[in-house]
>>> print(open('entry.pdb').read())   # PDB, N, CA, C and O atoms
MODEL        1
ATOM      1  N   ILE T   1     -16.450 -35.231 -80.731
ATOM      2  CA  ILE T   1     -17.274 -36.094 -81.561
ATOM      3  C   ILE T   1     -16.418 -36.803 -82.594
ATOM      4  O   ILE T   1     -16.622 -37.961 -82.876
ATOM      5  N   THR T   2     -15.465 -36.086 -83.180
ATOM      6  CA  THR T   2     -14.591 -36.723 -84.170
ATOM      7  C   THR T   2     -13.153 -36.655 -83.678
ATOM      8  O   THR T   2     -12.791 -35.796 -82.888
ATOM      9  N   ASN T   3     -12.358 -37.560 -84.171
ATOM     10  CA  ASN T   3     -10.931 -37.506 -83.868
ATOM     11  C   ASN T   3     -10.125 -37.418 -85.166
ATOM     12  O   ASN T   3      -8.960 -37.771 -85.199
ATOM     13  N   ASN T   4     -10.754 -36.950 -86.222
ATOM     14  CA  ASN T   4     -10.105 -36.798 -87.516
ATOM     15  C   ASN T   4      -9.122 -35.631 -87.445
ATOM     16  O   ASN T   4      -9.415 -34.613 -86.824
ATOM     17  N   GLU T   5      -7.986 -35.751 -88.105
ATOM     18  CA  GLU T   5      -6.970 -34.698 -88.081
ATOM     19  C   GLU T   5      -7.342 -33.493 -88.933
ATOM     20  O   GLU T   5      -6.739 -32.437 -88.814
ATOM     21  N   ALA T   6      -8.334 -33.630 -89.795
ATOM     22  CA  ALA T   6      -8.772 -32.526 -90.649
ATOM     23  C   ALA T   6      -9.581 -31.517 -89.829
ATOM     24  O   ALA T   6      -9.939 -31.764 -88.686
ATOM     25  N   GLN T   7      -9.868 -30.380 -90.451
ATOM     26  CA  GLN T   7     -10.731 -29.399 -89.799
ATOM     27  C   GLN T   7     -12.160 -29.922 -89.756
ATOM     28  O   GLN T   7     -12.677 -30.392 -90.758
ATOM     29  N   ASP T   8     -12.799 -29.838 -88.620
ATOM     30  CA  ASP T   8     -14.220 -30.116 -88.446
ATOM     31  C   ASP T   8     -14.805 -28.870 -87.801
ATOM     32  O   ASP T   8     -14.593 -28.625 -86.615
ATOM     33  N   ILE T   9     -15.529 -28.057 -88.599
ATOM     34  CA  ILE T   9     -15.945 -26.729 -88.142
ATOM     35  C   ILE T   9     -17.418 -26.462 -88.458
ATOM     36  O   ILE T   9     -18.036 -27.199 -89.213
ATOM     37  N   PHE T  10     -17.955 -25.407 -87.901
ATOM     38  CA  PHE T  10     -19.343 -24.957 -88.106
ATOM     39  C   PHE T  10     -20.379 -26.037 -87.761
ATOM     40  O   PHE T  10     -21.203 -26.404 -88.607
ATOM     41  N   PRO T  11     -20.392 -26.540 -86.528
ATOM     42  CA  PRO T  11     -21.394 -27.562 -86.180
ATOM     43  C   PRO T  11     -22.811 -26.995 -86.171
ATOM     44  O   PRO T  11     -23.033 -25.860 -85.762
ATOM     45  N   MET T  12     -23.757 -27.804 -86.675
ATOM     46  CA  MET T  12     -25.179 -27.433 -86.707
ATOM     47  C   MET T  12     -25.976 -28.650 -86.257
ATOM     48  O   MET T  12     -26.000 -29.664 -86.951
ATOM     49  N   TRP T  13     -26.612 -28.556 -85.104
ATOM     50  CA  TRP T  13     -27.342 -29.679 -84.525
ATOM     51  C   TRP T  13     -28.779 -29.639 -85.011
ATOM     52  O   TRP T  13     -29.514 -28.691 -84.741
ATOM     53  N   ILE T  14     -29.204 -30.683 -85.723
ATOM     54  CA  ILE T  14     -30.579 -30.788 -86.218
ATOM     55  C   ILE T  14     -31.095 -32.170 -85.836
ATOM     56  O   ILE T  14     -30.630 -33.186 -86.368
ATOM     57  N   GLY T  15     -32.051 -32.219 -84.928
ATOM     58  CA  GLY T  15     -32.592 -33.503 -84.472
ATOM     59  C   GLY T  15     -31.511 -34.345 -83.825
ATOM     60  O   GLY T  15     -30.841 -33.899 -82.897
ATOM     61  N   ASP T  16     -31.330 -35.571 -84.315
ATOM     62  CA  ASP T  16     -30.318 -36.484 -83.777
ATOM     63  C   ASP T  16     -29.000 -36.400 -84.528
ATOM     64  O   ASP T  16     -28.126 -37.250 -84.344
ATOM     65  N   GLU T  17     -28.848 -35.386 -85.388
ATOM     66  CA  GLU T  17     -27.656 -35.308 -86.223
ATOM     67  C   GLU T  17     -26.935 -33.972 -86.061
ATOM     68  O   GLU T  17     -27.568 -32.942 -85.859
ATOM     69  N   ILE T  18     -25.621 -34.029 -86.185
ATOM     70  CA  ILE T  18     -24.799 -32.830 -86.150
ATOM     71  C   ILE T  18     -24.110 -32.710 -87.505
ATOM     72  O   ILE T  18     -23.306 -33.571 -87.877
ATOM     73  N   TYR T  19     -24.457 -31.668 -88.235
ATOM     74  CA  TYR T  19     -23.848 -31.383 -89.535
ATOM     75  C   TYR T  19     -22.649 -30.484 -89.299
ATOM     76  O   TYR T  19     -22.666 -29.632 -88.405
ATOM     77  N   PHE T  20     -21.604 -30.642 -90.104
ATOM     78  CA  PHE T  20     -20.411 -29.822 -89.956
ATOM     79  C   PHE T  20     -19.619 -29.818 -91.259
ATOM     80  O   PHE T  20     -19.806 -30.681 -92.122
ATOM     81  N   LEU T  21     -18.742 -28.824 -91.406
ATOM     82  CA  LEU T  21     -17.836 -28.775 -92.550
ATOM     83  C   LEU T  21     -16.551 -29.490 -92.182
ATOM     84  O   LEU T  21     -16.063 -29.386 -91.057
ATOM     85  N   SER T  22     -15.983 -30.203 -93.157
ATOM     86  CA  SER T  22     -14.694 -30.850 -92.956
ATOM     87  C   SER T  22     -13.945 -30.901 -94.274
ATOM     88  O   SER T  22     -14.549 -31.054 -95.336
ATOM     89  N   ASP T  23     -12.618 -30.784 -94.190
ATOM     90  CA  ASP T  23     -11.779 -30.907 -95.380
ATOM     91  C   ASP T  23     -11.013 -32.234 -95.367
ATOM     92  O   ASP T  23      -9.933 -32.348 -95.927
ATOM     93  N   ARG T  24     -11.594 -33.240 -94.766
ATOM     94  CA  ARG T  24     -10.938 -34.546 -94.671
ATOM     95  C   ARG T  24     -10.723 -35.206 -96.031
ATOM     96  O   ARG T  24      -9.914 -36.115 -96.142
ATOM     97  N   ASP T  25     -11.422 -34.742 -97.060
ATOM     98  CA  ASP T  25     -11.195 -35.221 -98.429
ATOM     99  C   ASP T  25     -10.544 -34.133 -99.279
ATOM    100  O   ASP T  25     -10.679 -34.131-100.494
ATOM    101  N   TYR T  26      -9.869 -33.188 -98.633
ATOM    102  CA  TYR T  26      -9.102 -32.109 -99.255
ATOM    103  C   TYR T  26      -9.945 -30.957 -99.786
ATOM    104  O   TYR T  26      -9.423 -29.892-100.045
ATOM    105  N   THR T  27     -11.217 -31.138 -99.998
ATOM    106  CA  THR T  27     -12.134 -30.057-100.349
ATOM    107  C   THR T  27     -13.178 -29.987 -99.245
ATOM    108  O   THR T  27     -13.710 -31.020 -98.827
ATOM    109  N   MET T  28     -13.478 -28.776 -98.764
ATOM    110  CA  MET T  28     -14.424 -28.614 -97.666
ATOM    111  C   MET T  28     -15.831 -29.005 -98.121
ATOM    112  O   MET T  28     -16.346 -28.452 -99.094
ATOM    113  N   ASN T  29     -16.429 -29.992 -97.452
ATOM    114  CA  ASN T  29     -17.778 -30.469 -97.745
ATOM    115  C   ASN T  29     -18.549 -30.638 -96.450
ATOM    116  O   ASN T  29     -17.972 -30.645 -95.358
ATOM    117  N   LEU T  30     -19.866 -30.792 -96.584
ATOM    118  CA  LEU T  30     -20.716 -31.067 -95.428
ATOM    119  C   LEU T  30     -20.654 -32.544 -95.079
ATOM    120  O   LEU T  30     -20.735 -33.405 -95.955
ATOM    121  N   PHE T  31     -20.537 -32.803 -93.797
ATOM    122  CA  PHE T  31     -20.600 -34.153 -93.250
ATOM    123  C   PHE T  31     -21.660 -34.148 -92.166
ATOM    124  O   PHE T  31     -22.074 -33.098 -91.679
ATOM    125  N   VAL T  32     -22.098 -35.336 -91.768
ATOM    126  CA  VAL T  32     -23.082 -35.434 -90.699
ATOM    127  C   VAL T  32     -22.685 -36.556 -89.743
ATOM    128  O   VAL T  32     -22.214 -37.615 -90.164
ATOM    129  N   TYR T  33     -22.849 -36.280 -88.456
ATOM    130  CA  TYR T  33     -22.611 -37.266 -87.405
ATOM    131  C   TYR T  33     -23.960 -37.579 -86.761
ATOM    132  O   TYR T  33     -24.664 -36.678 -86.320
ATOM    133  N   ASN T  34     -24.330 -38.849 -86.728
ATOM    134  CA  ASN T  34     -25.583 -39.264 -86.105
ATOM    135  C   ASN T  34     -25.308 -39.605 -84.641
ATOM    136  O   ASN T  34     -24.496 -40.492 -84.356
ATOM    137  N   THR T  35     -25.975 -38.908 -83.731
ATOM    138  CA  THR T  35     -25.708 -39.090 -82.299
ATOM    139  C   THR T  35     -26.208 -40.435 -81.767
ATOM    140  O   THR T  35     -25.754 -40.879 -80.729
ATOM    141  N   LYS T  36     -27.125 -41.064 -82.478
ATOM    142  CA  LYS T  36     -27.629 -42.381 -82.034
ATOM    143  C   LYS T  36     -26.747 -43.523 -82.530
ATOM    144  O   LYS T  36     -26.407 -44.418 -81.774
ATOM    145  N   THR T  37     -26.386 -43.484 -83.823
ATOM    146  CA  THR T  37     -25.590 -44.578 -84.392
ATOM    147  C   THR T  37     -24.093 -44.344 -84.231
ATOM    148  O   THR T  37     -23.306 -45.270 -84.452
ATOM    149  N   LYS T  38     -23.695 -43.114 -83.903
ATOM    150  CA  LYS T  38     -22.283 -42.733 -83.769
ATOM    151  C   LYS T  38     -21.525 -42.821 -85.093
ATOM    152  O   LYS T  38     -20.308 -42.914 -85.119
ATOM    153  N   GLN T  39     -22.246 -42.764 -86.223
ATOM    154  CA  GLN T  39     -21.642 -42.848 -87.545
ATOM    155  C   GLN T  39     -21.525 -41.470 -88.174
ATOM    156  O   GLN T  39     -22.411 -40.636 -88.027
ATOM    157  N   THR T  40     -20.425 -41.249 -88.904
ATOM    158  CA  THR T  40     -20.211 -40.020 -89.655
ATOM    159  C   THR T  40     -20.262 -40.349 -91.135
ATOM    160  O   THR T  40     -19.683 -41.339 -91.571
ATOM    161  N   SER T  41     -20.960 -39.514 -91.910
ATOM    162  CA  SER T  41     -21.027 -39.742 -93.347
ATOM    163  C   SER T  41     -20.932 -38.409 -94.086
ATOM    164  O   SER T  41     -21.253 -37.353 -93.555
ATOM    165  N   LYS T  42     -20.479 -38.493 -95.331
ATOM    166  CA  LYS T  42     -20.328 -37.330 -96.183
ATOM    167  C   LYS T  42     -21.672 -37.007 -96.822
ATOM    168  O   LYS T  42     -22.341 -37.891 -97.339
ATOM    169  N   VAL T  43     -22.055 -35.725 -96.794
ATOM    170  CA  VAL T  43     -23.354 -35.315 -97.322
ATOM    171  C   VAL T  43     -23.210 -34.699 -98.715
ATOM    172  O   VAL T  43     -23.941 -35.050 -99.628
ATOM    173  N   THR T  44     -22.269 -33.767 -98.883
ATOM    174  CA  THR T  44     -22.057 -33.159-100.201
ATOM    175  C   THR T  44     -20.757 -33.692-100.787
ATOM    176  O   THR T  44     -19.886 -34.170-100.059
ATOM    177  N   ASN T  45     -20.643 -33.585-102.094
ATOM    178  CA  ASN T  45     -19.456 -34.109-102.765
ATOM    179  C   ASN T  45     -18.927 -33.109-103.798
ATOM    180  O   ASN T  45     -18.726 -33.456-104.951
ATOM    181  N   PHE T  46     -18.709 -31.866-103.360
ATOM    182  CA  PHE T  46     -18.149 -30.863-104.247
ATOM    183  C   PHE T  46     -16.643 -31.090-104.355
ATOM    184  O   PHE T  46     -15.984 -31.413-103.370
ATOM    185  N   THR T  47     -16.092 -30.942-105.553
ATOM    186  CA  THR T  47     -14.661 -31.193-105.750
ATOM    187  C   THR T  47     -13.898 -29.972-106.235
ATOM    188  O   THR T  47     -12.693 -29.891-106.062
ATOM    189  N   GLU T  48     -14.593 -29.018-106.848
ATOM    190  CA  GLU T  48     -13.896 -27.863-107.410
ATOM    191  C   GLU T  48     -13.740 -26.724-106.405
ATOM    192  O   GLU T  48     -12.689 -26.092-106.341
ATOM    193  N   TYR T  49     -14.778 -26.449-105.618
ATOM    194  CA  TYR T  49     -14.755 -25.361-104.644
ATOM    195  C   TYR T  49     -15.206 -25.871-103.283
ATOM    196  O   TYR T  49     -16.033 -26.772-103.186
ATOM    197  N   ASP T  50     -14.660 -25.245-102.233
ATOM    198  CA  ASP T  50     -15.063 -25.572-100.868
ATOM    199  C   ASP T  50     -16.488 -25.129-100.595
ATOM    200  O   ASP T  50     -16.938 -24.101-101.105
ATOM    201  N   VAL T  51     -17.199 -25.869 -99.768
ATOM    202  CA  VAL T  51     -18.464 -25.413 -99.193
ATOM    203  C   VAL T  51     -18.093 -24.377 -98.127
ATOM    204  O   VAL T  51     -17.166 -24.585 -97.339
ATOM    205  N   LYS T  52     -18.801 -23.248 -98.119
ATOM    206  CA  LYS T  52     -18.503 -22.171 -97.171
ATOM    207  C   LYS T  52     -19.769 -21.638 -96.516
ATOM    208  O   LYS T  52     -20.855 -21.737 -97.071
ATOM    209  N   PHE T  53     -19.578 -21.072 -95.354
ATOM    210  CA  PHE T  53     -20.596 -20.305 -94.622
ATOM    211  C   PHE T  53     -21.910 -21.054 -94.395
ATOM    212  O   PHE T  53     -22.988 -20.506 -94.645
ATOM    213  N   PRO T  54     -21.887 -22.286 -93.896
ATOM    214  CA  PRO T  54     -23.150 -22.988 -93.661
ATOM    215  C   PRO T  54     -23.912 -22.384 -92.480
ATOM    216  O   PRO T  54     -23.316 -21.869 -91.540
ATOM    217  N   SER T  55     -25.217 -22.464 -92.577
ATOM    218  CA  SER T  55     -26.084 -21.986 -91.514
ATOM    219  C   SER T  55     -27.366 -22.802 -91.552
ATOM    220  O   SER T  55     -27.815 -23.215 -92.618
ATOM    221  N   SER T  56     -27.936 -23.038 -90.381
ATOM    222  CA  SER T  56     -29.170 -23.823 -90.334
ATOM    223  C   SER T  56     -30.279 -23.040 -89.653
ATOM    224  O   SER T  56     -30.042 -22.188 -88.803
ATOM    225  N   PHE T  57     -31.496 -23.351 -90.072
ATOM    226  CA  PHE T  57     -32.709 -22.822 -89.455
ATOM    227  C   PHE T  57     -33.751 -23.904 -89.576
ATOM    228  O   PHE T  57     -34.109 -24.302 -90.699
ATOM    229  N   GLY T  58     -34.219 -24.417 -88.459
ATOM    230  CA  GLY T  58     -35.142 -25.550 -88.504
ATOM    231  C   GLY T  58     -34.438 -26.746 -89.127
ATOM    232  O   GLY T  58     -33.349 -27.108 -88.706
ATOM    233  N   ASN T  59     -35.030 -27.333 -90.152
ATOM    234  CA  ASN T  59     -34.449 -28.489 -90.842
ATOM    235  C   ASN T  59     -33.723 -28.113 -92.131
ATOM    236  O   ASN T  59     -33.371 -28.992 -92.913
ATOM    237  N   THR T  60     -33.509 -26.823 -92.354
ATOM    238  CA  THR T  60     -32.883 -26.363 -93.591
ATOM    239  C   THR T  60     -31.468 -25.870 -93.327
ATOM    240  O   THR T  60     -31.225 -25.137 -92.369
ATOM    241  N   ILE T  61     -30.546 -26.278 -94.193
ATOM    242  CA  ILE T  61     -29.174 -25.784 -94.159
ATOM    243  C   ILE T  61     -28.939 -25.012 -95.452
ATOM    244  O   ILE T  61     -29.329 -25.468 -96.529
ATOM    245  N   VAL T  62     -28.331 -23.849 -95.343
ATOM    246  CA  VAL T  62     -27.932 -23.080 -96.519
ATOM    247  C   VAL T  62     -26.422 -22.915 -96.476
ATOM    248  O   VAL T  62     -25.819 -22.873 -95.407
ATOM    249  N   PHE T  63     -25.809 -22.844 -97.674
ATOM    250  CA  PHE T  63     -24.366 -22.668 -97.748
ATOM    251  C   PHE T  63     -23.999 -22.113 -99.112
ATOM    252  O   PHE T  63     -24.819 -22.064-100.018
ATOM    253  N   GLU T  64     -22.734 -21.706 -99.246
ATOM    254  CA  GLU T  64     -22.217 -21.180-100.505
ATOM    255  C   GLU T  64     -21.207 -22.165-101.072
ATOM    256  O   GLU T  64     -20.447 -22.793-100.336
ATOM    257  N   ASN T  65     -21.214 -22.309-102.392
ATOM    258  CA  ASN T  65     -20.214 -23.114-103.082
ATOM    259  C   ASN T  65     -20.002 -22.538-104.470
ATOM    260  O   ASN T  65     -20.953 -22.418-105.243
ATOM    261  N   GLY T  66     -18.767 -22.168-104.781
ATOM    262  CA  GLY T  66     -18.432 -21.648-106.103
ATOM    263  C   GLY T  66     -19.186 -20.396-106.491
ATOM    264  O   GLY T  66     -19.448 -20.185-107.674
ATOM    265  N   GLY T  67     -19.558 -19.575-105.511
ATOM    266  CA  GLY T  67     -20.283 -18.343-105.788
ATOM    267  C   GLY T  67     -21.795 -18.508-105.855
ATOM    268  O   GLY T  67     -22.507 -17.541-106.096
ATOM    269  N   TYR T  68     -22.297 -19.708-105.639
ATOM    270  CA  TYR T  68     -23.743 -19.972-105.671
ATOM    271  C   TYR T  68     -24.236 -20.321-104.269
ATOM    272  O   TYR T  68     -23.508 -20.896-103.465
ATOM    273  N   ILE T  69     -25.487 -19.987-104.005
ATOM    274  CA  ILE T  69     -26.135 -20.327-102.747
ATOM    275  C   ILE T  69     -26.909 -21.632-102.950
ATOM    276  O   ILE T  69     -27.597 -21.807-103.957
ATOM    277  N   TYR T  70     -26.781 -22.525-101.989
ATOM    278  CA  TYR T  70     -27.503 -23.798-102.008
ATOM    279  C   TYR T  70     -28.338 -23.904-100.749
ATOM    280  O   TYR T  70     -27.989 -23.341 -99.701
ATOM    281  N   LYS T  71     -29.453 -24.630-100.854
ATOM    282  CA  LYS T  71     -30.238 -24.964 -99.664
ATOM    283  C   LYS T  71     -30.435 -26.468 -99.658
ATOM    284  O   LYS T  71     -30.444 -27.119-100.710
ATOM    285  N   MET T  72     -30.557 -27.013 -98.465
ATOM    286  CA  MET T  72     -30.697 -28.456 -98.335
ATOM    287  C   MET T  72     -31.588 -28.786 -97.145
ATOM    288  O   MET T  72     -31.399 -28.239 -96.055
ATOM    289  N   ASP T  73     -32.564 -29.637 -97.371
ATOM    290  CA  ASP T  73     -33.394 -30.145 -96.292
ATOM    291  C   ASP T  73     -32.614 -31.265 -95.600
ATOM    292  O   ASP T  73     -32.090 -32.155 -96.260
ATOM    293  N   ALA T  74     -32.529 -31.212 -94.278
ATOM    294  CA  ALA T  74     -31.747 -32.192 -93.546
ATOM    295  C   ALA T  74     -32.290 -33.611 -93.710
ATOM    296  O   ALA T  74     -31.527 -34.574 -93.667
ATOM    297  N   ALA T  75     -33.578 -33.767 -93.938
ATOM    298  CA  ALA T  75     -34.156 -35.097 -94.091
ATOM    299  C   ALA T  75     -33.762 -35.729 -95.428
ATOM    300  O   ALA T  75     -33.418 -36.909 -95.495
ATOM    301  N   SER T  76     -33.774 -34.941 -96.494
ATOM    302  CA  SER T  76     -33.468 -35.501 -97.826
ATOM    303  C   SER T  76     -31.972 -35.521 -98.116
ATOM    304  O   SER T  76     -31.502 -36.335 -98.917
ATOM    305  N   LYS T  77     -31.236 -34.594 -97.508
ATOM    306  CA  LYS T  77     -29.792 -34.464 -97.728
ATOM    307  C   LYS T  77     -29.452 -34.270 -99.209
ATOM    308  O   LYS T  77     -28.423 -34.723 -99.694
ATOM    309  N   GLU T  78     -30.330 -33.585 -99.946
ATOM    310  CA  GLU T  78     -30.137 -33.304-101.370
ATOM    311  C   GLU T  78     -30.013 -31.791-101.554
ATOM    312  O   GLU T  78     -31.023 -31.087-101.563
ATOM    313  N   PRO T  79     -28.788 -31.274-101.727
ATOM    314  CA  PRO T  79     -28.647 -29.824-101.916
ATOM    315  C   PRO T  79     -29.203 -29.381-103.269
ATOM    316  O   PRO T  79     -29.086 -30.103-104.247
ATOM    317  N   GLU T  80     -29.810 -28.197-103.275
ATOM    318  CA  GLU T  80     -30.284 -27.643-104.541
ATOM    319  C   GLU T  80     -29.837 -26.186-104.636
ATOM    320  O   GLU T  80     -29.869 -25.444-103.668
ATOM    321  N   LYS T  81     -29.414 -25.819-105.853
ATOM    322  CA  LYS T  81     -28.934 -24.455-106.104
ATOM    323  C   LYS T  81     -30.122 -23.505-106.087
ATOM    324  O   LYS T  81     -31.171 -23.788-106.645
ATOM    325  N   VAL T  82     -29.930 -22.361-105.421
ATOM    326  CA  VAL T  82     -30.967 -21.324-105.371
ATOM    327  C   VAL T  82     -30.725 -20.368-106.529
ATOM    328  O   VAL T  82     -29.621 -19.833-106.678
ATOM    329  N   ASN T  83     -31.744 -20.167-107.365
ATOM    330  CA  ASN T  83     -31.614 -19.231-108.494
ATOM    331  C   ASN T  83     -31.684 -17.795-107.999
ATOM    332  O   ASN T  83     -32.377 -17.468-107.101
TER     333      ASN T  83
ENDMDL
END
>>> encode(input="entry.pdb", output="C-alpha coordinates")
Amino acid sequence: ITNNEAQDIFPMWIGDEIYFLSDRDYTMNLFVYNTKTKQTSKVTNFTEYDVKFPSSFGNTIVFENGGYIYKMDAASKEPEKVN
(Lines of atoms letter the chains of each structure in order from A and count residues from 1; the text may use other names and numbers.)
(Lines give C-alpha, C1' and ligand atoms only; values in the text may rest on other atoms or scores of the structure.)
Protein backbone atom coordinates (compact mmCIF):
# COMPACT_ATOMS: atom_id res chain seq x y z
CA ILE A 1 0.00 0.00 0.00
CA THR A 2 2.84 2.39 0.80
CA ASN A 3 6.34 2.66 -0.52
CA ASN A 4 7.59 4.99 2.22
CA GLU A 5 10.97 4.05 3.71
CA ALA A 6 9.68 4.61 7.26
CA GLN A 7 8.01 1.95 9.36
CA ASP A 8 4.34 1.38 8.47
CA ILE A 9 2.98 -1.04 11.08
CA PHE A 10 -0.19 -2.20 12.90
CA PRO A 11 -2.69 -1.98 10.00
CA MET A 12 -6.37 -1.66 10.99
CA TRP A 13 -8.96 -1.87 8.21
CA ILE A 14 -12.13 0.15 8.93
CA GLY A 15 -14.59 0.58 6.06
CA ASP A 16 -12.73 1.97 3.03
CA GLU A 17 -9.74 3.07 5.10
CA ILE A 18 -6.64 1.41 6.50
CA TYR A 19 -5.22 3.05 9.62
CA PHE A 20 -1.60 2.36 10.56
CA LEU A 21 1.31 3.65 12.63
CA SER A 22 4.23 5.30 10.86
CA ASP A 23 7.34 7.18 11.94
CA ARG A 24 7.70 8.99 8.62
CA ASP A 25 7.73 12.29 10.55
CA TYR A 26 10.23 10.91 13.12
CA THR A 27 7.56 10.42 15.81
CA MET A 28 5.20 7.45 15.52
CA ASN A 29 1.68 8.71 14.67
CA LEU A 30 -1.52 7.34 13.16
CA PHE A 31 -1.95 7.67 9.42
CA VAL A 32 -4.79 6.56 7.19
CA TYR A 33 -4.85 5.23 3.63
CA ASN A 34 -8.13 5.53 1.73
CA THR A 35 -8.60 2.52 -0.55
CA LYS A 36 -10.89 4.44 -2.93
CA THR A 37 -8.89 7.66 -3.38
CA LYS A 38 -5.48 5.99 -2.87
CA GLN A 39 -4.49 8.94 -0.63
CA THR A 40 -2.56 8.72 2.64
CA SER A 41 -2.98 11.36 5.33
CA LYS A 42 -1.75 11.96 8.86
CA VAL A 43 -4.41 11.53 11.55
CA THR A 44 -2.61 12.33 14.83
CA ASN A 45 0.10 14.90 15.37
CA PHE A 46 1.90 13.93 18.58
CA THR A 47 5.45 15.28 18.78
CA GLU A 48 6.74 14.40 22.24
CA TYR A 49 5.90 10.67 22.49
CA ASP A 50 5.21 7.93 19.96
CA VAL A 51 1.70 6.55 19.51
CA LYS A 52 1.83 2.91 20.67
CA PHE A 53 -0.28 -0.24 20.76
CA PRO A 54 -3.20 0.77 18.49
CA SER A 55 -6.20 -1.51 18.30
CA SER A 56 -9.57 -1.22 16.62
CA PHE A 57 -13.04 -2.53 17.33
CA GLY A 58 -15.84 -1.49 15.02
CA ASN A 59 -15.26 2.20 14.19
CA THR A 60 -13.21 2.92 17.32
CA ILE A 61 -9.42 2.97 17.58
CA VAL A 62 -7.66 3.02 20.95
CA PHE A 63 -3.97 3.68 21.52
CA GLU A 64 -1.42 4.82 24.09
CA ASN A 65 0.60 8.03 23.99
CA GLY A 66 2.81 9.39 26.76
CA GLY A 67 1.32 7.02 29.33
CA TYR A 68 -2.30 7.99 28.53
CA ILE A 69 -4.98 5.99 26.74
CA TYR A 70 -6.79 7.67 23.85
CA LYS A 71 -9.85 6.64 21.88
CA MET A 72 -10.82 7.89 18.46
CA ASP A 73 -13.87 7.42 16.27
CA ALA A 74 -12.73 6.65 12.73
CA ALA A 75 -15.38 8.95 11.24
CA SER A 76 -14.39 12.06 13.22
CA LYS A 77 -10.65 11.30 13.40
CA GLU A 78 -10.51 13.33 16.65
CA PRO A 79 -8.60 11.50 19.41
CA GLU A 80 -9.72 12.09 22.98
CA LYS A 81 -7.89 11.22 26.18
CA VAL A 82 -9.62 8.64 28.38
CA ASN A 83 -9.73 9.68 32.05
>>> select_by_dssp(input="entry.pdb", residues="chain T", states="strand (DSSP E)", output="MDAnalysis selection string")
chainID T and resid 8:14 17:22 29:34 40:42 51:57 60:65 68:73 80:81
>>> residues_around(input="entry.pdb", residues="Asn59 in chain T", least_positions_apart="6", cutoff="4.5 Å", atoms="only N, CA, C and O atoms", output="JSON, numbers by chain")
{"T": [72, 73, 74]}
>>> write_last_selection(input="entry.pdb", atoms="N, CA, C and O atoms", output="JSON list (two decimals), keeping the file's coordinate frame")
[["chain", "number", "residue", "atom", "x", "y", "z"],
["T", 72, "MET", "N", -30.56, -27.01, -98.46],
["T", 72, "MET", "CA", -30.70, -28.46, -98.34],
["T", 72, "MET", "C", -31.59, -28.79, -97.14],
["T", 72, "MET", "O", -31.40, -28.24, -96.06],
["T", 73, "ASP", "N", -32.56, -29.64, -97.37],
["T", 73, "ASP", "CA", -33.39, -30.14, -96.29],
["T", 73, "ASP", "C", -32.61, -31.26, -95.60],
["T", 73, "ASP", "O", -32.09, -32.16, -96.26],
["T", 74, "ALA", "N", -32.53, -31.21, -94.28],
["T", 74, "ALA", "CA", -31.75, -32.19, -93.55],
["T", 74, "ALA", "C", -32.29, -33.61, -93.71],
["T", 74, "ALA", "O", -31.53, -34.57, -93.67]]
>>> residues_around(input="entry.pdb", residues="Val51 in chain T", least_positions_apart="5", cutoff="10 Å", atoms="only C-alpha atoms", output="JSON, numbers by chain")
{"T": [21, 22, 23, 27, 28, 29, 30, 44, 45, 46, 63, 64, 65, 66, 67, 68, 69, 70]}
>>> residues_around(input="entry.pdb", residues="Val32 in chain T", least_positions_apart="5", cutoff="4.5 Å", atoms="all atoms listed in the file", output="list in words")
Ile18, Tyr19, Gln39, Thr40 and Ser41 of chain T
>>> resolve_selection(input="entry.pdb", expression="the PyMOL selection byres ((chain T and resi 9) around 5)", output="tab-separated table (two decimals) with N, CA, C and O atoms, in the coordinates of the input")
chain	number	residue	atom	x	y	z
T	7	GLN	N	-9.87	-30.38	-90.45
T	7	GLN	CA	-10.73	-29.40	-89.80
T	7	GLN	C	-12.16	-29.92	-89.76
T	7	GLN	O	-12.68	-30.39	-90.76
T	8	ASP	N	-12.80	-29.84	-88.62
T	8	ASP	CA	-14.22	-30.12	-88.45
T	8	ASP	C	-14.80	-28.87	-87.80
T	8	ASP	O	-14.59	-28.62	-86.62
T	10	PHE	N	-17.95	-25.41	-87.90
T	10	PHE	CA	-19.34	-24.96	-88.11
T	10	PHE	C	-20.38	-26.04	-87.76
T	10	PHE	O	-21.20	-26.40	-88.61
T	11	PRO	N	-20.39	-26.54	-86.53
T	11	PRO	CA	-21.39	-27.56	-86.18
T	11	PRO	C	-22.81	-27.00	-86.17
T	11	PRO	O	-23.03	-25.86	-85.76
T	20	PHE	N	-21.60	-30.64	-90.10
T	20	PHE	CA	-20.41	-29.82	-89.96
T	20	PHE	C	-19.62	-29.82	-91.26
T	20	PHE	O	-19.81	-30.68	-92.12
T	21	LEU	N	-18.74	-28.82	-91.41
T	21	LEU	CA	-17.84	-28.78	-92.55
T	21	LEU	C	-16.55	-29.49	-92.18
T	21	LEU	O	-16.06	-29.39	-91.06
>>> atom_distance(input="entry.pdb", atom1="CA of Tyr49 in chain T", atom2="atom O of Thr37 in chain T")
29.6 Å
>>> atom_distance(input="entry.pdb", atom1="atom N of Lys38 in chain T", atom2="CA of Thr60 in chain T")
21.4 Å
